[in-house]
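Peer 1: Following this message is one structure expressed as structure tokens.
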Amino acid sequence: MSILMGNGSLFIVIEGLDGSGKSSVARRLAEILNRNFDGAVKTTFEPNDFSCGGQFIRDILTKKITEFHPRQLAFSFAANRLDHCTRVIGPWLESGEKMILCDRFYLSSLVYQSFEDFGIDQVFELNRFARRPDLTFFIEVSDEICYQRMANRNQPRELFEEKLAQTREKYMAAIAFLTQKTGETVVKIDGSGTIDAVAQLILNELEARFPAWQRD
């Protein structure tokens with residue numbers, strides 16, 4: 001189910017394993033599109049540091065806070081996301097013919113905040129009031145490439161930047177759940193190439209699916 005705004009605005013989510021290059025791709029996409037659409041494309045990310053509970057979540061991810069209940073994190077992400085939708089995503093999309101590229105959204109929560117006693121369906125229920133994306137891209141990259149890219153950052157690994165094979169399996173299950181539950185479209189993109197190459201693959205999909213956003 002798409003919620004494409006009547007004014008032609010688009011809410012696009014970019015997902016992937018840590019080290020997949022999704023953040024760099026989102027920035028590159030915005031640069032390319034804004035050349036043609038006069039600043040109509042905005043990037044954002046989750047968890048959103050400036051939204052409700054953002055600093056608390058960031059402190060958990062960077063291991064500054066080590067004692068917490070997994071459900072506590074799931075509720076925190078849901079509140080952060082709803083605030084993000086209310087004060088950032090929604091106003092931007094409703095201000096004209098705009099596009100927002102969001103680095104992670106509730107698909108990530110279905111993966112990272114679900115566990116044996118708190119399943120994907122329960123995490124989804126927490127996020128039922130979040131705005132639905134018009135399209136989600138999942139950047140597929142091998143575990144080896146992801147680990148290498150993370151090593152090149154020369155930064156300490158965050159909380160979930162381990163066990164990528166298990167995380168990939170959870171992503172596949174979450175994507176299947178989401179497409180069956182909501183009818184949302186998740187497009188898998190080969191992320192093994194350069195940032196420009198991956199950005200072009202996504203641009204091709206956007207232009208094919210949403211002709212109003214075709215570049216000159």
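Every chain in the structure tokens has a letter given in the order shown (A, B, ...), and although residue numbers restart at 1 in each chain, ligands are simply numbered from 1 in the order shown.
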Just asking: which residues within region 13-52 of chain A are strand (DSSP E or B) according to DSSP, as a PyMOL selection string?
Peer 2: chain A and resi 13-16+41-45
Peer 1: Mind the document's chain letters and residue numbers, and return as a list in words the residues of region 111-152 of chain A that DSSP labels alpha helix (DSSP H).
Peer 2: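 Residues meeting the alpha helix (DSSP H) criterion: Val111, Tyr112, Ile120, Asp121, Gln122, Val123, Phe124, Glu125, Leu126, Asp143, Glu144, Ile145, Cys146, Tyr147, Gln148, Arg149, Met150, Ala151 and Asn152 of chain A.
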Peer 1: What would the file look like if the residues just selected were written as a compact mmCIF listing (two decimals), in the first residue's frame with C-alpha atoms?
Peer 2:
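Below is the file again_26.txt, written as the result:
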# COMPACT_ATOMS: atom_id res chain seq x y z
CA VAL A 111 15.05 -6.64 12.75
CA TYR A 112 16.93 -5.19 15.70
CA ILE A 120 8.22 -8.95 14.77
CA ASP A 121 4.44 -8.56 14.94
CA GLN A 122 4.67 -6.94 18.37
CA VAL A 123 7.39 -4.54 17.25
CA PHE A 124 5.29 -3.63 14.21
CA GLU A 125 2.31 -2.91 16.45
CA LEU A 126 4.42 -0.39 18.39
CA ASP A 143 29.09 -9.80 5.03
CA GLU A 144 32.76 -9.63 4.04
CA ILE A 145 32.35 -6.29 2.27
CA CYS A 146 30.30 -4.89 5.16
CA TYR A 147 32.95 -5.85 7.73
CA GLN A 148 35.69 -4.36 5.55
CA ARG A 149 33.81 -1.09 5.13
CA MET A 150 33.21 -0.86 8.87
CA ALA A 151 36.92 -1.49 9.50
CA ASN A 152 37.77 1.37 7.14
Peer 1: Fewer than 2 positions away in the same chain doesn't count, so skip those; otherwise give me all residues within 12 Å of Pro47 (chain A), counting only C-alpha atoms, as a ChimeraX atom specification.
Peer 2: /A:44-45,49-61,73-74,76-85,102-106,108-109
Peer 1: With only C-alpha atoms as the basis for distance, which of A:Glu67, A:Asp134, A:Glu169, A:Glu116 is at the shortest distance from Val13 (chain A)?
Peer 2: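 Selected residue with least distance to Val13 (chain A): A:Asp134.
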Peer 1: As a list in words, please: the residues near Arg215 (chain A) (cut-off 12 Å, only C-alpha atoms, same-chain neighbours under 3 positions excluded).
Peer 2: Ile32, Leu33, Asn34, Arg35, Asn36, Phe37, Asp38, Gln200, Leu203, Asn204, Leu206, Glu207, Ala208, Phe210, Pro211 and Ala212 of chain A
Peer 1: I need the residue nearest Ile175 (chain A) from this list: A:Ser142, A:Asn48, A:Ser192, A:Thr136. Use only C-alpha atoms for the distance.
Peer 2: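 Going through A:Ser142, A:Asn48, A:Ser192, A:Thr136 one by one, the smallest distance to Ile175 (chain A) is for A:Thr136.
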Peer 1: I'd like the interatomic distance between CA of Phe115 (chain A) and CA of Arg153 (chain A), to a tenth of an Å.
Peer 2: 28.8 Å
Peer 1: Tell me, as JSON, numbers by chain, which residues lie within 12 Å of Gly193 (chain A), counting only C-alpha atoms; anything in the same chain fewer than 2 positions away does not count.
Peer 2: {"A": [20, 21, 25, 139, 140, 141, 142, 145, 189, 190, 191, 195, 196, 197, 198, 199, 200, 201]}
Peer 1: Take the residues that were just selected and, keeping all heavy atoms, output them as a compact mmCIF listing (two decimals), in the first residue's frame.
Peer 2:
# COMPACT_ATOMS: atom_id res chain seq x y z
N SER A 20 26.81 -1.48 4.70
CA SER A 20 26.30 -1.68 3.34
C SER A 20 26.48 -0.45 2.46
O SER A 20 26.36 -0.54 1.23
CB SER A 20 24.81 -2.06 3.38
OG SER A 20 24.04 -1.01 3.94
N GLY A 21 26.75 0.70 3.07
CA GLY A 21 26.93 1.92 2.30
C GLY A 21 25.67 2.75 2.15
O GLY A 21 25.65 3.74 1.42
N VAL A 25 25.08 6.30 0.14
CA VAL A 25 24.21 6.27 -1.04
C VAL A 25 23.09 7.30 -0.91
O VAL A 25 22.76 8.00 -1.87
CB VAL A 25 23.63 4.85 -1.24
CG1 VAL A 25 22.51 4.87 -2.27
CG2 VAL A 25 24.73 3.89 -1.68
N ILE A 139 19.74 -2.51 0.47
CA ILE A 139 21.01 -2.63 -0.23
C ILE A 139 21.69 -3.94 0.18
O ILE A 139 22.05 -4.12 1.34
CB ILE A 139 21.92 -1.43 0.06
CG1 ILE A 139 21.22 -0.14 -0.39
CG2 ILE A 139 23.26 -1.58 -0.65
CD1 ILE A 139 22.02 1.11 -0.13
N GLU A 140 21.82 -4.83 -0.78
CA GLU A 140 22.40 -6.15 -0.53
C GLU A 140 23.91 -6.12 -0.76
O GLU A 140 24.37 -5.82 -1.87
CB GLU A 140 21.77 -7.20 -1.44
CG GLU A 140 20.33 -7.51 -1.09
CD GLU A 140 19.86 -8.78 -1.75
OE1 GLU A 140 19.70 -8.77 -2.98
OE2 GLU A 140 19.65 -9.78 -1.04
N VAL A 141 24.65 -6.44 0.28
CA VAL A 141 26.11 -6.49 0.23
C VAL A 141 26.56 -7.69 1.05
O VAL A 141 25.94 -8.02 2.07
CB VAL A 141 26.74 -5.20 0.80
CG1 VAL A 141 28.25 -5.21 0.65
CG2 VAL A 141 26.18 -3.96 0.11
N SER A 142 27.63 -8.36 0.63
CA SER A 142 28.12 -9.52 1.38
C SER A 142 28.60 -9.11 2.76
O SER A 142 28.99 -7.96 2.99
CB SER A 142 29.27 -10.20 0.62
OG SER A 142 30.43 -9.38 0.65
N ILE A 145 32.22 -7.70 2.68
CA ILE A 145 32.35 -6.29 2.27
C ILE A 145 31.88 -5.36 3.39
O ILE A 145 32.52 -4.34 3.66
CB ILE A 145 31.54 -6.04 0.98
CG1 ILE A 145 32.21 -6.76 -0.20
CG2 ILE A 145 31.45 -4.54 0.69
CD1 ILE A 145 31.43 -6.63 -1.51
N ILE A 189 18.62 -4.06 -3.85
CA ILE A 189 19.57 -3.42 -4.75
C ILE A 189 20.96 -3.99 -4.52
O ILE A 189 21.40 -4.11 -3.36
CB ILE A 189 19.60 -1.89 -4.51
CG1 ILE A 189 18.25 -1.26 -4.86
CG2 ILE A 189 20.73 -1.23 -5.29
CD1 ILE A 189 17.93 -1.22 -6.33
N ASP A 190 21.66 -4.33 -5.58
CA ASP A 190 23.04 -4.82 -5.47
C ASP A 190 23.94 -3.66 -5.01
O ASP A 190 24.11 -2.68 -5.72
CB ASP A 190 23.51 -5.34 -6.82
CG ASP A 190 24.95 -5.88 -6.79
OD1 ASP A 190 25.57 -5.89 -5.71
OD2 ASP A 190 25.44 -6.28 -7.86
N GLY A 191 24.49 -3.80 -3.81
CA GLY A 191 25.30 -2.73 -3.23
C GLY A 191 26.79 -2.99 -3.30
O GLY A 191 27.56 -2.31 -2.60
N ILE A 195 29.64 3.79 -4.77
CA ILE A 195 28.50 4.57 -4.31
C ILE A 195 27.72 5.12 -5.50
O ILE A 195 26.49 5.07 -5.52
CB ILE A 195 28.98 5.73 -3.40
CG1 ILE A 195 29.62 5.16 -2.12
CG2 ILE A 195 27.82 6.65 -3.05
CD1 ILE A 195 28.71 4.30 -1.28
N ASP A 196 28.43 5.62 -6.51
CA ASP A 196 27.75 6.16 -7.69
C ASP A 196 26.98 5.08 -8.43
O ASP A 196 25.87 5.32 -8.93
CB ASP A 196 28.76 6.81 -8.64
CG ASP A 196 29.18 8.19 -8.19
OD1 ASP A 196 28.45 8.79 -7.36
OD2 ASP A 196 30.22 8.68 -8.65
N ALA A 197 27.54 3.87 -8.51
CA ALA A 197 26.87 2.78 -9.22
C ALA A 197 25.59 2.36 -8.49
O ALA A 197 24.55 2.12 -9.12
CB ALA A 197 27.82 1.59 -9.36
N VAL A 198 25.67 2.27 -7.17
CA VAL A 198 24.49 1.88 -6.39
C VAL A 198 23.43 2.98 -6.47
O VAL A 198 22.23 2.70 -6.62
CB VAL A 198 24.88 1.60 -4.93
CG1 VAL A 198 23.64 1.22 -4.12
CG2 VAL A 198 25.91 0.47 -4.86
N ALA A 199 23.87 4.23 -6.37
CA ALA A 199 22.93 5.35 -6.49
C ALA A 199 22.20 5.31 -7.83
O ALA A 199 20.99 5.57 -7.91
CB ALA A 199 23.66 6.67 -6.31
N GLN A 200 22.91 4.97 -8.89
CA GLN A 200 22.30 4.92 -10.21
C GLN A 200 21.25 3.82 -10.29
O GLN A 200 20.19 4.01 -10.91
CB GLN A 200 23.36 4.70 -11.29
CG GLN A 200 22.84 4.80 -12.71
CD GLN A 200 22.19 6.14 -13.00
OE1 GLN A 200 22.82 7.19 -12.83
NE2 GLN A 200 20.92 6.13 -13.42
N LEU A 201 21.51 2.67 -9.67
CA LEU A 201 20.52 1.60 -9.66
C LEU A 201 19.23 2.06 -8.98
O LEU A 201 18.12 1.75 -9.44
CB LEU A 201 21.08 0.37 -8.94
CG LEU A 201 22.22 -0.38 -9.65
CD1 LEU A 201 22.76 -1.48 -8.73
CD2 LEU A 201 21.75 -0.97 -10.97
Peer 1: Between CA of Thr182 (chain A) and CA of Phe138 (chain A), what distance in Å does the model show, to one decimal?
Peer 2: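 Separation of CA of Thr182 (chain A) and CA of Phe138 (chain A): 16.8 Å.
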Peer 1: Separation of CA of Arg131 (chain A) and CA of Thr62 (chain A), in Å?
Peer 2: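 Going from CA of Arg131 (chain A) over to CA of Thr62 (chain A), I get 27.1 Å.
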